[in-house]
Every structure is written in structure tokens, then in C-alpha cells.
Amino acid sequence: MVGPPGSGKSMLAQRLPSILPPLAPKELLEVSMIASVAGELGEGKLTDRRPFRAPHHSASMAAMVGGGLRVRPGEVSLAHHGVLFLDELPEFTPQTLDALRQPLETGDCAIARANHRVTYPARIQLVAAMNPCRCGMSGEPGYRCLRGERCRTDYQARISGPLLDRIDFRIEVPAVSASDLIRPDKAETSASVALRVACARTIQRERLERLGASATTNAHCPPSVVEEIARPDAAGLALLKDASEKLAFSARAYHRVLKVARTLADLYASETVGRIHLAEAISYRMSAERMAQAA
């Protein structure tokens, strides 16, 4: 999420666990085991609420991915089956951010030392927030950055292209004005959104069970399964081919667009992946591709 200070990026991230389904018994056991190893299972208390971890941008690489003299899980493993929220994303060191690339790709975190090797699970939803530039107000009406466009490009270039390639959505979050707070519009509740998410996950689980796949959601499917379940119609295929050529999608980006489009179709209870679903999935990724080119 990219937007000026006070636009509600952190609040949106903190609300995300409330629309996710409760932990399944197997997931609860895994989360509890990791918390126990890290010494964070206070008084043996268990909860079916998905983890939400929000480390400060001063966190070291060891704190993020795990390590130390006695190797312990880091924030990415403590967020297993939950949400890892990184506020002020460009303020993290480049080494710390790039260390997330392997866990995001494989769903686990391997920590190697001279005399032993430990692997902790780390299947997370990464959510990040950042200001559009260092001064924070680039592009906002009534504000003018003295450094101009360079302030924006230099700040966003602190995030590497390979990491951006693993991020499926980039959403612009506009500033909230006083009038928005004085006369708020009617908003959808988290409970109603959670119901839609639960229905979409049920559709995905049943579909993958019929195919004999081990995954339970679109996000965890291997490329071969994604190509089977997210095969677009003719109009969608033409759009995807055109977008892939113009935006120079990598193989990873291509399959991630298909996953997002299939999930959007599930949210709309559509059997097939159409042009409208692909167009929305591509639009979420276009800004990320432009940022990668700037980096």
C-alpha cells in the first residue's frame, strides 16, 4: 500500500486478520509449536486467530528470518499462517528485505550455520506500506516536493526488483480528509467481507481436492496446477498475451497474475477466468512493474 501519512495504511493491515478464516487444527498446532520454540507461548495459551506480526523497520536480518547463537525463528516464521506487516518498507535495510525472497517463494525459512541447519515454516501473507516519497506527500494536491520526481524515484528504488516481483498487489491509498471523517459513507463490515473470503476458500479447497492437489488455496498451487485451474477464455487470453508483452512479465509474474485472476473469479463465484478478472489482476500489478523498472 502506497499513500501519504495518515491515510489509514496501518489500520487496513491490522484489520486483515479479521477477514481471514480461523486457524484449522493442523495450522493451530504448527503456529503453537513455532511460538513455543521462540518462547512466546505465554502460559500455554492457544488461539485460533491468525498471527499478525509487525516488526519495526530497525529489525535486523536475524530478527526477521531467524538466527542467533541458539537458532530461533524470526518474525517471518512467527507470522506462519498469518500476516507479516512491514510498515515504512523502504526504511528496512536492503539485506533484510532481500532475505524475505526465499521464504516468500518456498514457504519456509532455512537457517544454515557452521555445525547445523534449521528450517522453520514461513507461509505468510506479506503486507507492506510505504509513503510515496521520503517527504511523504508526493503527488498530493496542495503539496510540492522541493526535490521533485527524484525524491519519489530514489525512495522507491530502495526496494529491489526481485522482491517486487513477488508482490501481487500495489494499491494507492489516498489521503483521508476531514470531510471524510465528519460524514463517513456507509462501509462494508469485516464480517461480511470475511463471509465472502470463506466462500471463496471453500470453492478453492473443493476444486483442488477434486484434482488431488495437496494445496488448499490458489496461492499455494504449483504452476502446473495454476495453468489448469486458471485457464482463461479467448478474450482473457488475448488480454494476458498483450499485457505480458508490453509489461515484460517474468514467468513468476505470469503465474501470479493467473492466481490472482482465479481468486477474483472465485470471489465473484465465476466458473471461468474471464477478461474482467485478468484485467483487474493485471491492474494491481502494473504499478509494481513500473516500480521495478525504476529500481
# chains A, B, ... in the order shown; residues from 1 in each chain; ligands from 1
>>> residues_around(residues="A:Val71", least_positions_apart="4", cutoff="10 Å", atoms="only C-alpha atoms", output="list in words")
Val37, Ala38, Ala62, Gly66, Gly67, Ile111, Ala112, Arg113, His116, Arg117 and Val118 of chain A
>>> residues_around(residues="stretch 190-203 of chain A", least_positions_apart="3", cutoff="6 Å", atoms="only C-alpha atoms", output="compact mmCIF listing (two decimals) with N, CA and C atoms, in the first residue's frame")
# COMPACT_ATOMS: atom_id res chain seq x y z
N ILE A 19 -10.66 -10.69 8.55
CA ILE A 19 -11.44 -11.22 7.43
C ILE A 19 -10.92 -12.58 6.98
N GLU A 206 -12.42 -27.25 -2.46
CA GLU A 206 -13.15 -28.33 -3.11
C GLU A 206 -12.62 -28.60 -4.52
N ASP A 266 -13.23 -16.57 -8.22
CA ASP A 266 -13.86 -17.30 -7.11
C ASP A 266 -14.67 -16.36 -6.22
N LEU A 267 -14.16 -15.15 -6.00
CA LEU A 267 -14.90 -14.18 -5.19
C LEU A 267 -16.21 -13.78 -5.86
>>> atom_distance(atom1="atom CA of A:Asp87", atom2="atom CA of A:Gln125")
14.0 Å
>>> select_by_dssp(residues="stretch 64-248 of chain A", states="strand (DSSP E)", output="ChimeraX atom specification")
/A:83-86,108-112,117-121,125-128
>>> closest_residue(among="A:Leu89, A:Leu258, A:Cys145, A:Ala281", to="A:Pro223", atoms="only C-alpha atoms")
A:Leu258
>>> residues_around(residues="stretch 259-262 of chain A", least_positions_apart="5", cutoff="7 Å", atoms="only C-alpha atoms", output="NGL selection string")
:A and (218-219 or 226 or 230 or 273 or 277-278 or 281)
>>> decode(residues="stretch 93-209 of chain A", atoms="C-alpha atoms", output="compact mmCIF listing (two decimals), in the first residue's frame")
# COMPACT_ATOMS: atom_id res chain seq x y z
CA THR A 93 17.77 -2.42 5.16
CA PRO A 94 18.05 -3.89 1.63
CA GLN A 95 19.70 -7.03 3.05
CA THR A 96 16.77 -7.63 5.42
CA LEU A 97 14.19 -7.19 2.67
CA ASP A 98 16.01 -9.41 0.20
CA ALA A 99 16.23 -12.13 2.86
CA LEU A 100 12.44 -12.43 2.53
CA ARG A 101 12.64 -13.55 -1.08
CA GLN A 102 13.27 -17.21 -0.33
CA PRO A 103 10.54 -17.58 2.35
CA LEU A 104 8.01 -15.89 0.06
CA GLU A 105 8.86 -18.30 -2.73
CA THR A 106 9.15 -21.61 -0.85
CA GLY A 107 7.03 -21.07 2.27
CA ASP A 108 9.84 -21.94 4.66
CA CYS A 109 12.93 -20.31 6.11
CA ALA A 110 16.22 -22.23 6.07
CA ILE A 111 18.89 -21.03 8.50
CA ALA A 112 22.34 -22.50 7.93
CA ARG A 113 25.17 -22.42 10.47
CA ALA A 114 28.62 -23.99 10.53
CA ASN A 115 27.52 -27.05 12.50
CA HIS A 116 23.79 -27.33 11.84
CA ARG A 117 20.90 -26.31 9.61
CA VAL A 118 17.37 -25.48 10.77
CA THR A 119 14.26 -25.00 8.65
CA TYR A 120 11.19 -23.23 10.04
CA PRO A 121 7.87 -22.94 8.18
CA ALA A 122 7.06 -19.45 6.93
CA ARG A 123 3.92 -19.49 4.79
CA ILE A 124 2.78 -15.92 5.20
CA GLN A 125 0.81 -13.12 3.66
CA LEU A 126 3.22 -10.22 3.29
CA VAL A 127 1.60 -6.81 3.61
CA ALA A 128 3.74 -3.69 3.26
CA ALA A 129 3.09 0.02 3.50
CA MET A 130 5.14 2.99 2.41
CA ASN A 131 4.94 6.71 1.73
CA PRO A 132 5.18 7.71 -1.95
CA CYS A 133 8.46 9.53 -1.26
CA ARG A 134 10.76 10.41 1.64
CA CYS A 135 8.85 13.59 2.50
CA GLY A 136 5.65 11.55 2.30
CA MET A 137 3.37 13.82 0.29
CA SER A 138 4.44 13.34 -3.32
CA GLY A 139 1.52 13.73 -5.70
CA GLU A 140 -0.87 15.08 -3.06
CA PRO A 141 -2.87 18.20 -4.07
CA GLY A 142 -1.53 21.34 -2.43
CA TYR A 143 1.91 19.86 -1.69
CA ARG A 144 5.11 20.31 -3.65
CA CYS A 145 8.29 18.36 -3.01
CA LEU A 146 11.41 20.51 -3.42
CA ARG A 147 13.33 17.56 -4.88
CA GLY A 148 10.60 16.82 -7.40
CA GLU A 149 10.20 13.43 -9.05
CA ARG A 150 13.70 12.39 -7.97
CA CYS A 151 12.55 12.20 -4.35
CA ARG A 152 9.90 9.65 -5.35
CA THR A 153 12.06 7.51 -7.62
CA ASP A 154 15.05 7.42 -5.25
CA TYR A 155 12.86 6.39 -2.32
CA GLN A 156 11.01 3.66 -4.18
CA ALA A 157 14.24 2.37 -5.73
CA ARG A 158 15.33 1.19 -2.26
CA ILE A 159 13.11 -1.87 -2.87
CA SER A 160 14.70 -4.39 -5.21
CA GLY A 161 13.02 -5.59 -8.39
CA PRO A 162 13.16 -9.31 -7.41
CA LEU A 163 11.27 -8.57 -4.19
CA LEU A 164 8.67 -6.50 -6.05
CA ASP A 165 8.23 -9.39 -8.48
CA ARG A 166 6.93 -11.45 -5.55
CA ILE A 167 4.32 -8.85 -4.54
CA ASP A 168 0.97 -9.35 -6.29
CA PHE A 169 -0.81 -6.10 -5.41
CA ARG A 170 0.23 -2.47 -5.27
CA ILE A 171 -2.61 -0.23 -4.16
CA GLU A 172 -2.62 3.54 -3.95
CA VAL A 173 -4.20 4.69 -0.66
CA PRO A 174 -5.39 8.32 -0.94
CA ALA A 175 -5.27 10.78 1.92
CA VAL A 176 -8.32 10.99 4.20
CA SER A 177 -9.77 14.47 4.50
CA ALA A 178 -11.63 15.92 7.48
CA SER A 179 -14.89 15.86 5.49
CA ASP A 180 -14.46 12.10 5.00
CA LEU A 181 -14.39 11.68 8.78
CA ILE A 182 -17.21 14.12 9.52
CA ARG A 183 -19.64 12.48 7.10
CA PRO A 184 -18.42 8.95 6.55
CA ASP A 185 -20.07 6.84 3.86
CA LYS A 186 -21.63 3.52 4.70
CA ALA A 187 -18.92 0.89 4.75
CA GLU A 188 -18.97 -2.86 4.44
CA THR A 189 -18.32 -4.66 7.70
CA SER A 190 -15.40 -7.02 8.24
CA ALA A 191 -17.90 -9.81 8.97
CA SER A 192 -19.48 -9.57 5.51
CA VAL A 193 -16.07 -9.48 3.83
CA ALA A 194 -14.97 -12.49 5.91
CA LEU A 195 -18.02 -14.41 4.68
CA ARG A 196 -17.06 -13.79 1.03
CA VAL A 197 -13.49 -14.85 1.75
CA ALA A 198 -14.69 -18.05 3.45
CA CYS A 199 -16.95 -18.89 0.48
CA ALA A 200 -14.10 -18.33 -1.99
CA ARG A 201 -11.75 -20.51 0.06
CA THR A 202 -14.34 -23.27 0.17
CA ILE A 203 -14.61 -23.17 -3.63
CA GLN A 204 -10.83 -23.37 -3.94
CA ARG A 205 -10.45 -26.21 -1.46
CA GLU A 206 -13.15 -28.33 -3.11
CA ARG A 207 -11.73 -27.71 -6.59
CA LEU A 208 -8.21 -28.69 -5.53
CA GLU A 209 -9.47 -31.77 -3.70
